[in-house]
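data.cif follows; it contains mmCIF, N, CA and C atoms.
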```
data_entry
#
loop_
_atom_site.label_atom_id
_atom_site.label_comp_id
_atom_site.auth_asym_id
_atom_site.auth_seq_id
_atom_site.Cartn_x
_atom_site.Cartn_y
_atom_site.Cartn_z
N MET W 1 0.85 -1.18 0.00
CA MET W 1 0.00 0.00 0.00
C MET W 1 0.89 1.24 0.00
N ARG W 2 0.55 2.19 -0.82
CA ARG W 2 1.34 3.40 -0.95
C ARG W 2 0.79 4.50 -0.05
N LEU W 3 1.63 5.03 0.79
CA LEU W 3 1.21 6.10 1.70
C LEU W 3 0.86 7.38 0.96
N ASP W 4 1.53 7.63 -0.17
CA ASP W 4 1.31 8.91 -0.85
C ASP W 4 -0.08 9.01 -1.48
N ASN W 5 -0.86 7.93 -1.47
CA ASN W 5 -2.23 7.98 -1.96
C ASN W 5 -3.26 8.05 -0.84
N LEU W 6 -2.79 8.11 0.40
CA LEU W 6 -3.70 8.05 1.54
C LEU W 6 -3.88 9.41 2.22
N HIS W 7 -5.05 9.57 2.81
CA HIS W 7 -5.34 10.71 3.68
C HIS W 7 -5.63 10.16 5.07
N ALA W 8 -5.03 10.77 6.07
CA ALA W 8 -5.19 10.33 7.45
C ALA W 8 -6.20 11.20 8.16
N GLU W 9 -7.07 10.57 8.93
CA GLU W 9 -8.03 11.29 9.75
C GLU W 9 -7.44 11.48 11.14
N TYR W 10 -7.13 12.73 11.45
CA TYR W 10 -6.63 13.08 12.78
C TYR W 10 -7.85 13.35 13.66
N ASP W 11 -7.87 12.72 14.83
CA ASP W 11 -9.01 12.86 15.72
C ASP W 11 -8.49 13.08 17.15
N TYR W 12 -8.37 14.35 17.52
CA TYR W 12 -7.83 14.71 18.82
C TYR W 12 -8.63 14.09 19.96
N ALA W 13 -9.96 14.20 19.91
CA ALA W 13 -10.79 13.70 21.00
C ALA W 13 -10.62 12.18 21.17
N TRP W 14 -10.57 11.46 20.07
CA TRP W 14 -10.36 10.01 20.11
C TRP W 14 -9.00 9.70 20.75
N GLY W 15 -7.95 10.38 20.31
CA GLY W 15 -6.62 10.16 20.86
C GLY W 15 -6.55 10.50 22.34
N TYR W 16 -7.21 11.59 22.72
CA TYR W 16 -7.26 11.98 24.13
C TYR W 16 -7.95 10.89 24.95
N ASP W 17 -9.08 10.38 24.45
CA ASP W 17 -9.79 9.33 25.16
C ASP W 17 -8.92 8.10 25.35
N GLN W 18 -8.10 7.77 24.36
CA GLN W 18 -7.25 6.59 24.41
C GLN W 18 -6.11 6.75 25.42
N ARG W 19 -5.57 7.96 25.56
CA ARG W 19 -4.32 8.14 26.29
C ARG W 19 -4.38 9.01 27.54
N HIS W 20 -5.36 9.89 27.63
CA HIS W 20 -5.32 10.88 28.72
C HIS W 20 -6.58 10.94 29.59
N ALA W 21 -7.70 10.48 29.11
CA ALA W 21 -8.96 10.67 29.84
C ALA W 21 -8.93 10.06 31.24
N LYS W 22 -8.30 8.90 31.40
CA LYS W 22 -8.28 8.24 32.71
C LYS W 22 -7.51 9.05 33.75
N THR W 23 -6.45 9.73 33.32
CA THR W 23 -5.63 10.48 34.28
C THR W 23 -5.97 11.96 34.33
N HIS W 24 -6.53 12.51 33.26
CA HIS W 24 -6.80 13.95 33.21
C HIS W 24 -8.30 14.29 33.16
N GLY W 25 -9.15 13.28 33.15
CA GLY W 25 -10.59 13.51 33.07
C GLY W 25 -11.04 13.65 31.63
N PRO W 26 -12.34 13.52 31.40
CA PRO W 26 -12.85 13.57 30.03
C PRO W 26 -12.87 15.00 29.48
N LEU W 27 -12.88 15.07 28.16
CA LEU W 27 -13.06 16.35 27.49
C LEU W 27 -14.52 16.77 27.60
N SER W 28 -14.76 18.05 27.68
CA SER W 28 -16.13 18.54 27.71
C SER W 28 -16.71 18.52 26.30
N ALA W 29 -18.01 18.66 26.21
CA ALA W 29 -18.66 18.73 24.89
C ALA W 29 -18.12 19.93 24.11
N GLU W 30 -17.86 21.02 24.80
CA GLU W 30 -17.31 22.22 24.14
C GLU W 30 -15.92 21.95 23.59
N GLN W 31 -15.06 21.27 24.38
CA GLN W 31 -13.72 20.93 23.90
C GLN W 31 -13.78 20.01 22.69
N ARG W 32 -14.68 19.04 22.72
CA ARG W 32 -14.83 18.12 21.59
C ARG W 32 -15.29 18.88 20.34
N ALA W 33 -16.22 19.81 20.54
CA ALA W 33 -16.74 20.57 19.40
C ALA W 33 -15.66 21.44 18.77
N LYS W 34 -14.70 21.89 19.57
CA LYS W 34 -13.62 22.75 19.06
C LYS W 34 -12.52 21.96 18.35
N THR W 35 -12.54 20.63 18.47
CA THR W 35 -11.49 19.81 17.88
C THR W 35 -12.08 18.67 17.03
N PRO W 36 -12.81 19.01 15.98
CA PRO W 36 -13.39 17.94 15.15
C PRO W 36 -12.29 17.21 14.38
N PRO W 37 -12.57 15.98 13.96
CA PRO W 37 -11.59 15.27 13.14
C PRO W 37 -11.29 16.04 11.86
N ILE W 38 -10.06 15.90 11.37
CA ILE W 38 -9.65 16.58 10.14
C ILE W 38 -8.73 15.62 9.36
N ALA W 39 -8.83 15.67 8.06
CA ALA W 39 -8.01 14.79 7.22
C ALA W 39 -6.87 15.57 6.57
N HIS W 40 -5.69 14.93 6.52
CA HIS W 40 -4.52 15.48 5.87
C HIS W 40 -3.88 14.38 5.03
N PRO W 41 -3.17 14.75 3.97
CA PRO W 41 -2.43 13.73 3.21
C PRO W 41 -1.36 13.09 4.09
N ALA W 42 -1.11 11.80 3.88
CA ALA W 42 -0.09 11.09 4.65
C ALA W 42 1.31 11.50 4.24
N VAL W 43 1.48 11.90 3.00
CA VAL W 43 2.77 12.37 2.49
C VAL W 43 2.54 13.76 1.89
N ILE W 44 3.29 14.72 2.40
CA ILE W 44 3.14 16.10 1.93
C ILE W 44 4.40 16.55 1.21
N ALA W 45 4.26 17.64 0.48
CA ALA W 45 5.42 18.30 -0.12
C ALA W 45 5.86 19.38 0.85
N HIS W 46 7.13 19.34 1.26
CA HIS W 46 7.63 20.39 2.14
C HIS W 46 7.49 21.72 1.40
N PRO W 47 6.87 22.73 2.01
CA PRO W 47 6.59 23.97 1.30
C PRO W 47 7.82 24.76 0.85
N GLU W 48 8.96 24.54 1.47
CA GLU W 48 10.18 25.26 1.07
C GLU W 48 11.01 24.47 0.07
N THR W 49 11.15 23.17 0.29
CA THR W 49 12.04 22.36 -0.53
C THR W 49 11.32 21.56 -1.61
N GLY W 50 10.02 21.31 -1.41
CA GLY W 50 9.28 20.48 -2.34
C GLY W 50 9.50 18.99 -2.13
N ARG W 51 10.40 18.63 -1.24
CA ARG W 51 10.70 17.22 -0.99
C ARG W 51 9.53 16.55 -0.24
N PRO W 52 9.35 15.24 -0.45
CA PRO W 52 8.28 14.55 0.27
C PRO W 52 8.62 14.41 1.75
N ALA W 53 7.58 14.49 2.57
CA ALA W 53 7.74 14.33 4.02
C ALA W 53 6.53 13.57 4.54
N LEU W 54 6.76 12.60 5.40
CA LEU W 54 5.65 11.92 6.05
C LEU W 54 4.93 12.91 6.95
N PHE W 55 3.63 12.90 6.90
CA PHE W 55 2.82 13.77 7.75
C PHE W 55 1.92 12.83 8.56
N LEU W 56 2.54 12.18 9.56
CA LEU W 56 1.88 11.12 10.31
C LEU W 56 2.08 11.29 11.81
N SER W 57 1.13 10.77 12.56
CA SER W 57 1.23 10.71 14.01
C SER W 57 0.59 9.42 14.47
N ASP W 58 1.35 8.58 15.14
CA ASP W 58 0.76 7.34 15.64
C ASP W 58 -0.09 7.58 16.88
N ILE W 59 -0.16 8.81 17.34
CA ILE W 59 -0.98 9.15 18.50
C ILE W 59 -2.35 9.68 18.08
N TRP W 60 -2.40 10.55 17.09
CA TRP W 60 -3.63 11.26 16.78
C TRP W 60 -4.37 10.77 15.54
N ILE W 61 -3.75 9.90 14.73
CA ILE W 61 -4.44 9.38 13.55
C ILE W 61 -5.35 8.25 13.99
N ARG W 62 -6.62 8.41 13.67
CA ARG W 62 -7.59 7.36 14.01
C ARG W 62 -7.65 6.31 12.89
N ARG W 63 -7.64 6.79 11.66
CA ARG W 63 -7.69 5.86 10.52
C ARG W 63 -7.25 6.59 9.26
N PHE W 64 -6.82 5.80 8.29
CA PHE W 64 -6.65 6.31 6.94
C PHE W 64 -7.99 6.17 6.25
N LYS W 65 -8.37 7.18 5.49
CA LYS W 65 -9.66 7.13 4.79
C LYS W 65 -9.70 5.91 3.88
N GLY W 66 -10.79 5.16 4.00
CA GLY W 66 -10.97 3.97 3.18
C GLY W 66 -10.34 2.72 3.76
N ILE W 67 -9.73 2.82 4.95
CA ILE W 67 -9.07 1.68 5.58
C ILE W 67 -9.61 1.55 7.01
N SER W 68 -9.78 0.33 7.48
CA SER W 68 -10.30 0.11 8.83
C SER W 68 -9.29 0.58 9.88
N GLU W 69 -9.78 0.77 11.11
CA GLU W 69 -8.88 1.16 12.19
C GLU W 69 -7.82 0.10 12.46
N PRO W 70 -8.15 -1.21 12.51
CA PRO W 70 -7.08 -2.21 12.71
C PRO W 70 -6.05 -2.21 11.59
N GLU W 71 -6.47 -2.03 10.34
CA GLU W 71 -5.52 -1.97 9.22
C GLU W 71 -4.66 -0.72 9.31
N THR W 72 -5.28 0.39 9.72
CA THR W 72 -4.52 1.64 9.91
C THR W 72 -3.47 1.46 10.99
N GLU W 73 -3.85 0.85 12.10
CA GLU W 73 -2.90 0.64 13.20
C GLU W 73 -1.71 -0.21 12.74
N ALA W 74 -1.98 -1.27 11.99
CA ALA W 74 -0.90 -2.13 11.49
C ALA W 74 0.02 -1.37 10.54
N LEU W 75 -0.56 -0.57 9.66
CA LEU W 75 0.25 0.22 8.72
C LEU W 75 1.09 1.26 9.46
N LEU W 76 0.47 1.97 10.40
CA LEU W 76 1.23 2.96 11.18
C LEU W 76 2.34 2.31 11.98
N ASP W 77 2.07 1.15 12.58
CA ASP W 77 3.10 0.44 13.34
C ASP W 77 4.29 0.12 12.44
N ALA W 78 4.02 -0.35 11.22
CA ALA W 78 5.10 -0.71 10.29
C ALA W 78 5.91 0.52 9.89
N VAL W 79 5.23 1.61 9.60
CA VAL W 79 5.93 2.84 9.20
C VAL W 79 6.74 3.40 10.36
N MET W 80 6.15 3.44 11.55
CA MET W 80 6.84 4.00 12.71
C MET W 80 8.04 3.15 13.12
N ALA W 81 7.97 1.84 12.89
CA ALA W 81 9.12 0.98 13.21
C ALA W 81 10.33 1.38 12.37
N ILE W 82 10.10 1.82 11.16
CA ILE W 82 11.19 2.29 10.29
C ILE W 82 11.59 3.72 10.67
N ALA W 83 10.61 4.60 10.78
CA ALA W 83 10.88 6.02 11.02
C ALA W 83 11.52 6.26 12.39
N ALA W 84 11.18 5.44 13.37
CA ALA W 84 11.69 5.64 14.73
C ALA W 84 12.77 4.62 15.11
N ALA W 85 13.36 3.99 14.12
CA ALA W 85 14.44 3.04 14.39
C ALA W 85 15.62 3.77 15.02
N PRO W 86 16.35 3.11 15.90
CA PRO W 86 17.47 3.79 16.58
C PRO W 86 18.45 4.46 15.63
N GLU W 87 18.72 3.87 14.48
CA GLU W 87 19.68 4.48 13.55
C GLU W 87 19.13 5.75 12.88
N ALA W 88 17.82 6.00 13.01
CA ALA W 88 17.23 7.22 12.44
C ALA W 88 16.96 8.26 13.52
N GLU W 89 17.29 7.95 14.75
CA GLU W 89 16.95 8.81 15.89
C GLU W 89 18.08 9.75 16.27
N TYR W 90 17.68 10.95 16.65
CA TYR W 90 18.60 11.88 17.31
C TYR W 90 18.04 12.12 18.70
N ARG W 91 18.82 11.88 19.71
CA ARG W 91 18.40 12.13 21.09
C ARG W 91 19.35 13.17 21.66
N HIS W 92 18.81 14.33 22.00
CA HIS W 92 19.64 15.43 22.47
C HIS W 92 20.08 15.19 23.92
N GLN W 93 21.36 15.37 24.17
CA GLN W 93 21.90 15.30 25.52
C GLN W 93 21.96 16.73 26.06
N TRP W 94 20.99 17.08 26.85
CA TRP W 94 20.80 18.46 27.29
C TRP W 94 21.92 18.96 28.18
N GLN W 95 22.29 20.21 27.93
CA GLN W 95 23.24 20.94 28.74
C GLN W 95 22.60 22.29 29.06
N PRO W 96 22.94 22.90 30.20
CA PRO W 96 22.38 24.22 30.51
C PRO W 96 22.61 25.20 29.36
N GLY W 97 21.55 25.92 29.03
CA GLY W 97 21.63 26.92 27.97
C GLY W 97 21.30 26.41 26.58
N ASP W 98 21.08 25.11 26.42
CA ASP W 98 20.78 24.55 25.11
C ASP W 98 19.44 25.05 24.59
N ILE W 99 19.37 25.23 23.30
CA ILE W 99 18.15 25.55 22.58
C ILE W 99 18.07 24.58 21.41
N VAL W 100 16.93 23.95 21.25
CA VAL W 100 16.74 23.03 20.14
C VAL W 100 15.55 23.52 19.33
N LEU W 101 15.74 23.66 18.04
CA LEU W 101 14.67 24.05 17.10
C LEU W 101 14.52 22.95 16.07
N TRP W 102 13.31 22.73 15.60
CA TRP W 102 13.09 21.78 14.52
C TRP W 102 11.94 22.26 13.67
N ASP W 103 11.88 21.72 12.49
CA ASP W 103 10.85 22.05 11.51
C ASP W 103 9.77 20.97 11.61
N ASN W 104 8.62 21.31 12.17
CA ASN W 104 7.54 20.34 12.33
C ASN W 104 7.03 19.79 11.01
N ARG W 105 7.35 20.46 9.92
CA ARG W 105 6.85 20.00 8.62
C ARG W 105 7.60 18.78 8.12
N SER W 106 8.71 18.44 8.75
CA SER W 106 9.46 17.28 8.27
C SER W 106 10.25 16.57 9.37
N THR W 107 9.86 16.77 10.62
CA THR W 107 10.57 16.14 11.73
C THR W 107 9.57 15.55 12.71
N MET W 108 9.72 14.29 13.03
CA MET W 108 8.92 13.70 14.10
C MET W 108 9.65 13.97 15.41
N HIS W 109 8.89 14.21 16.46
CA HIS W 109 9.52 14.45 17.75
C HIS W 109 8.57 14.05 18.87
N LYS W 110 9.16 13.77 20.02
CA LYS W 110 8.36 13.51 21.21
C LYS W 110 9.23 13.77 22.44
N ALA W 111 8.55 14.01 23.53
CA ALA W 111 9.25 14.23 24.78
C ALA W 111 9.68 12.89 25.36
N CYS W 112 10.79 12.91 26.05
CA CYS W 112 11.27 11.71 26.75
C CYS W 112 11.06 11.93 28.24
N PRO W 113 10.86 10.87 28.99
CA PRO W 113 10.70 11.02 30.44
C PRO W 113 11.93 11.69 31.06
N PHE W 114 11.71 12.45 32.11
CA PHE W 114 12.81 13.08 32.83
C PHE W 114 12.44 13.19 34.30
N ASP W 115 13.39 13.52 35.11
CA ASP W 115 13.21 13.61 36.56
C ASP W 115 12.50 14.92 36.90
N GLU W 116 11.17 14.90 36.86
CA GLU W 116 10.39 16.12 37.09
C GLU W 116 10.51 16.64 38.52
N ALA W 117 10.74 15.75 39.48
CA ALA W 117 10.82 16.16 40.88
C ALA W 117 12.09 16.94 41.18
N ASN W 118 13.18 16.64 40.47
CA ASN W 118 14.48 17.24 40.78
C ASN W 118 15.07 18.06 39.64
N THR W 119 14.30 18.25 38.57
CA THR W 119 14.83 18.96 37.41
C THR W 119 13.86 20.05 37.00
N ARG W 120 14.41 21.21 36.71
CA ARG W 120 13.60 22.32 36.22
C ARG W 120 13.80 22.41 34.72
N ARG W 121 12.72 22.59 34.00
CA ARG W 121 12.86 22.84 32.57
C ARG W 121 11.93 23.97 32.18
N LEU W 122 12.40 24.74 31.26
CA LEU W 122 11.64 25.88 30.75
C LEU W 122 11.46 25.67 29.25
N MET W 123 10.23 25.67 28.81
CA MET W 123 9.97 25.46 27.39
C MET W 123 9.12 26.60 26.86
N HIS W 124 9.42 27.01 25.65
CA HIS W 124 8.62 27.98 24.93
C HIS W 124 8.29 27.38 23.58
N ARG W 125 7.11 27.60 23.12
CA ARG W 125 6.71 27.12 21.80
C ARG W 125 6.36 28.31 20.93
N THR W 126 6.89 28.29 19.74
CA THR W 126 6.55 29.30 18.75
C THR W 126 5.94 28.58 17.56
N THR W 127 4.77 29.00 17.17
CA THR W 127 4.12 28.41 16.01
C THR W 127 4.00 29.48 14.95
N ILE W 128 4.49 29.14 13.79
CA ILE W 128 4.45 30.09 12.67
C ILE W 128 3.28 29.71 11.78
N GLN W 129 2.43 30.67 11.49
CA GLN W 129 1.28 30.40 10.65
C GLN W 129 1.76 30.06 9.25
N GLY W 130 1.11 29.09 8.64
CA GLY W 130 1.52 28.70 7.31
C GLY W 130 0.38 28.08 6.54
N ALA W 131 0.71 27.59 5.39
CA ALA W 131 -0.28 27.00 4.50
C ALA W 131 -0.69 25.61 5.00
N THR W 132 -1.87 25.19 4.60
CA THR W 132 -2.32 23.83 4.87
C THR W 132 -1.42 22.87 4.13
N PRO W 133 -1.01 21.76 4.75
CA PRO W 133 -0.13 20.81 4.07
C PRO W 133 -0.74 20.33 2.76
N LYS W 134 0.09 20.29 1.72
CA LYS W 134 -0.34 19.86 0.39
C LYS W 134 0.23 18.49 0.09
N ARG W 135 -0.56 17.67 -0.57
CA ARG W 135 -0.14 16.32 -0.93
C ARG W 135 1.07 16.38 -1.85
N PHE W 136 2.01 15.46 -1.63
CA PHE W 136 3.19 15.34 -2.48
C PHE W 136 2.79 14.62 -3.76
N ASP W 137 3.08 15.21 -4.90
CA ASP W 137 2.74 14.62 -6.20
C ASP W 137 3.99 14.33 -7.00
N GLY W 138 5.06 13.91 -6.33
CA GLY W 138 6.34 13.72 -6.98
C GLY W 138 6.39 12.51 -7.81
#
```
How would this structure read if it were set down as structure tokens?
Amino acid sequence: MRLDNLHAEYDYAWGYDQRHAKTHGPLSAEQRAKTPPIAHPAVIAHPETGRPALFLSDIWIRRFKGISEPETEALLDAVMAIAAAPEAEYRHQWQPGDIVLWDNRSTMHKACPFDEANTRRLMHRTTIQGATPKRFDG
């Protein structure tokens, strides 16, 4: 199956229910209404370089359009096993004063556990408004 022909349905409320509702409580009807499912191409063209980039999340994608949820899960698992393989990973070894920036349009990232009781961290997020991701037609 070719990813570049698929559109993924991102469903925040579904993902929240799967991972956070038990510890953080349920989303309100208002919160659910503000975050309806949305579909994006699985492979996009990077807006600056034109190169293909996976536009996937194994946390928030509920299904690929036209594919069942179990088939979607199996496909995402296979893709993520390659994309998140140790040889493809960069893990930053933090030092005081470090700043790390990345381009969300072509970089997968996630937080790693840390000693929250004995470590202070300061994070700022900057989001730059941009175009809706476009399907890669390469």
**Fill in**
If you count all atoms listed in the file, the residue of W:His46, W:Phe136, W:Arg63, W:Lys34 closest to Tyr10 of chain W turns out to be W:Arg63
**Request:** Step by step, work through what the PyMOL selection byres ((chain W and resi 14-23) around 8) selects in the shown file, and finish by giving those residues as a PyMOL selection string.
**Result:** chain W and resi 10-13+24-27+35+37+59-62
**Request:** Mind the document's chain letters and residue numbers, and return as a PyMOL selection string the residues of segment 23-110 of chain W that DSSP labels alpha helix (DSSP H).
**Result:** chain W and resi 23-24+29-34+69-83
**Prompt:** In Å, with one decimal, what is the gap from atom CA of Met123 of chain W to atom CA of His92 of chain W?
**Reply:**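 About the pair atom CA of Met123 of chain W and atom CA of His92 of chain W: they are 14.8 Å apart.
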Report the residues of segment 39-104 of chain W whose backbone DSSP state falls under strand (DSSP E or B), written as a PDB file with N, CA and C atoms, in the coordinates of the input.
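Just written: states35.pdb:
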```pdb
ATOM      1  N   ALA W  39      -8.830  15.670   8.060  1.00  0.00           N
ATOM      2  CA  ALA W  39      -8.010  14.790   7.220  1.00  0.00           C
ATOM      3  C   ALA W  39      -6.870  15.570   6.570  1.00  0.00           C
ATOM      4  N   HIS W  40      -5.690  14.930   6.520  1.00  0.00           N
ATOM      5  CA  HIS W  40      -4.520  15.480   5.870  1.00  0.00           C
ATOM      6  C   HIS W  40      -3.880  14.380   5.030  1.00  0.00           C
ATOM      7  N   PRO W  41      -3.170  14.750   3.970  1.00  0.00           N
ATOM      8  CA  PRO W  41      -2.430  13.730   3.210  1.00  0.00           C
ATOM      9  C   PRO W  41      -1.360  13.090   4.090  1.00  0.00           C
ATOM     10  N   VAL W  43       1.480  11.900   3.000  1.00  0.00           N
ATOM     11  CA  VAL W  43       2.770  12.370   2.490  1.00  0.00           C
ATOM     12  C   VAL W  43       2.540  13.760   1.890  1.00  0.00           C
ATOM     13  N   ILE W  44       3.290  14.720   2.400  1.00  0.00           N
ATOM     14  CA  ILE W  44       3.140  16.100   1.930  1.00  0.00           C
ATOM     15  C   ILE W  44       4.400  16.550   1.210  1.00  0.00           C
ATOM     16  N   ALA W  45       4.260  17.640   0.480  1.00  0.00           N
ATOM     17  CA  ALA W  45       5.420  18.300  -0.120  1.00  0.00           C
ATOM     18  C   ALA W  45       5.860  19.380   0.850  1.00  0.00           C
ATOM     19  N   PRO W  52       9.350  15.240  -0.450  1.00  0.00           N
ATOM     20  CA  PRO W  52       8.280  14.550   0.270  1.00  0.00           C
ATOM     21  C   PRO W  52       8.620  14.410   1.750  1.00  0.00           C
ATOM     22  N   ALA W  53       7.580  14.490   2.570  1.00  0.00           N
ATOM     23  CA  ALA W  53       7.740  14.330   4.020  1.00  0.00           C
ATOM     24  C   ALA W  53       6.530  13.570   4.540  1.00  0.00           C
ATOM     25  N   LEU W  54       6.760  12.600   5.400  1.00  0.00           N
ATOM     26  CA  LEU W  54       5.650  11.920   6.050  1.00  0.00           C
ATOM     27  C   LEU W  54       4.930  12.910   6.950  1.00  0.00           C
ATOM     28  N   ILE W  61      -3.750   9.900  14.730  1.00  0.00           N
ATOM     29  CA  ILE W  61      -4.440   9.380  13.550  1.00  0.00           C
ATOM     30  C   ILE W  61      -5.350   8.250  13.990  1.00  0.00           C
ATOM     31  N   ARG W  62      -6.620   8.410  13.670  1.00  0.00           N
ATOM     32  CA  ARG W  62      -7.590   7.360  14.010  1.00  0.00           C
ATOM     33  C   ARG W  62      -7.650   6.310  12.890  1.00  0.00           C
ATOM     34  N   ARG W  63      -7.640   6.790  11.660  1.00  0.00           N
ATOM     35  CA  ARG W  63      -7.690   5.860  10.520  1.00  0.00           C
ATOM     36  C   ARG W  63      -7.250   6.590   9.260  1.00  0.00           C
ATOM     37  N   PHE W  64      -6.820   5.800   8.290  1.00  0.00           N
ATOM     38  CA  PHE W  64      -6.650   6.310   6.940  1.00  0.00           C
ATOM     39  C   PHE W  64      -7.990   6.170   6.250  1.00  0.00           C
TER      40      PHE W  64
END
```
**Item:** Residue neighbourhood segment 83-86 of chain W, 10 Å, only C-alpha atoms, exclusion window fewer than 4 positions, as an MDAnalysis selection string
**Value:** chainID W and resid 54 77:79 90:91 108:109
**Message:** Just the number, please: distance in Å from atom CA of Ala45 of chain W to atom C of Asp137 of chain W, one decimal.
**Reply:** 8.1 Å
**Request:** For the file shown, report as a list in words the outcome of the PyMOL selection byres (((chain W and resi 5 and name CA) around 9) and name CA) at residue level.
**Result:**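 When the PyMOL selection byres (((chain W and resi 5 and name CA) around 9) and name CA) is applied, the selected residues are Met1, Arg2, Leu3, Asp4, Leu6, His7, Pro41, Ala42, Val43 and Arg135 of chain W.
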**Asked** So how far away is atom CA of Gly50 of chain W from atom CA of Phe64 of chain W, in Å?
**Response**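 Interatomic distance here is 23.3 Å.
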**Message:** Calculated over only C-alpha atoms, which of the candidates W:Pro113, W:Glu73, W:His124, W:Arg105 has the smallest distance to Ala53 of chain W?
**Reply:**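 With only C-alpha atoms as the atom set, the closest residue is W:Arg105.
Nearest-residue note for Ala39 of chain W: choosing from W:Ala8, W:Ala81, W:Arg125, W:Glu89, the minimum distance belongs to W:Ala8, counting only C-alpha atoms.
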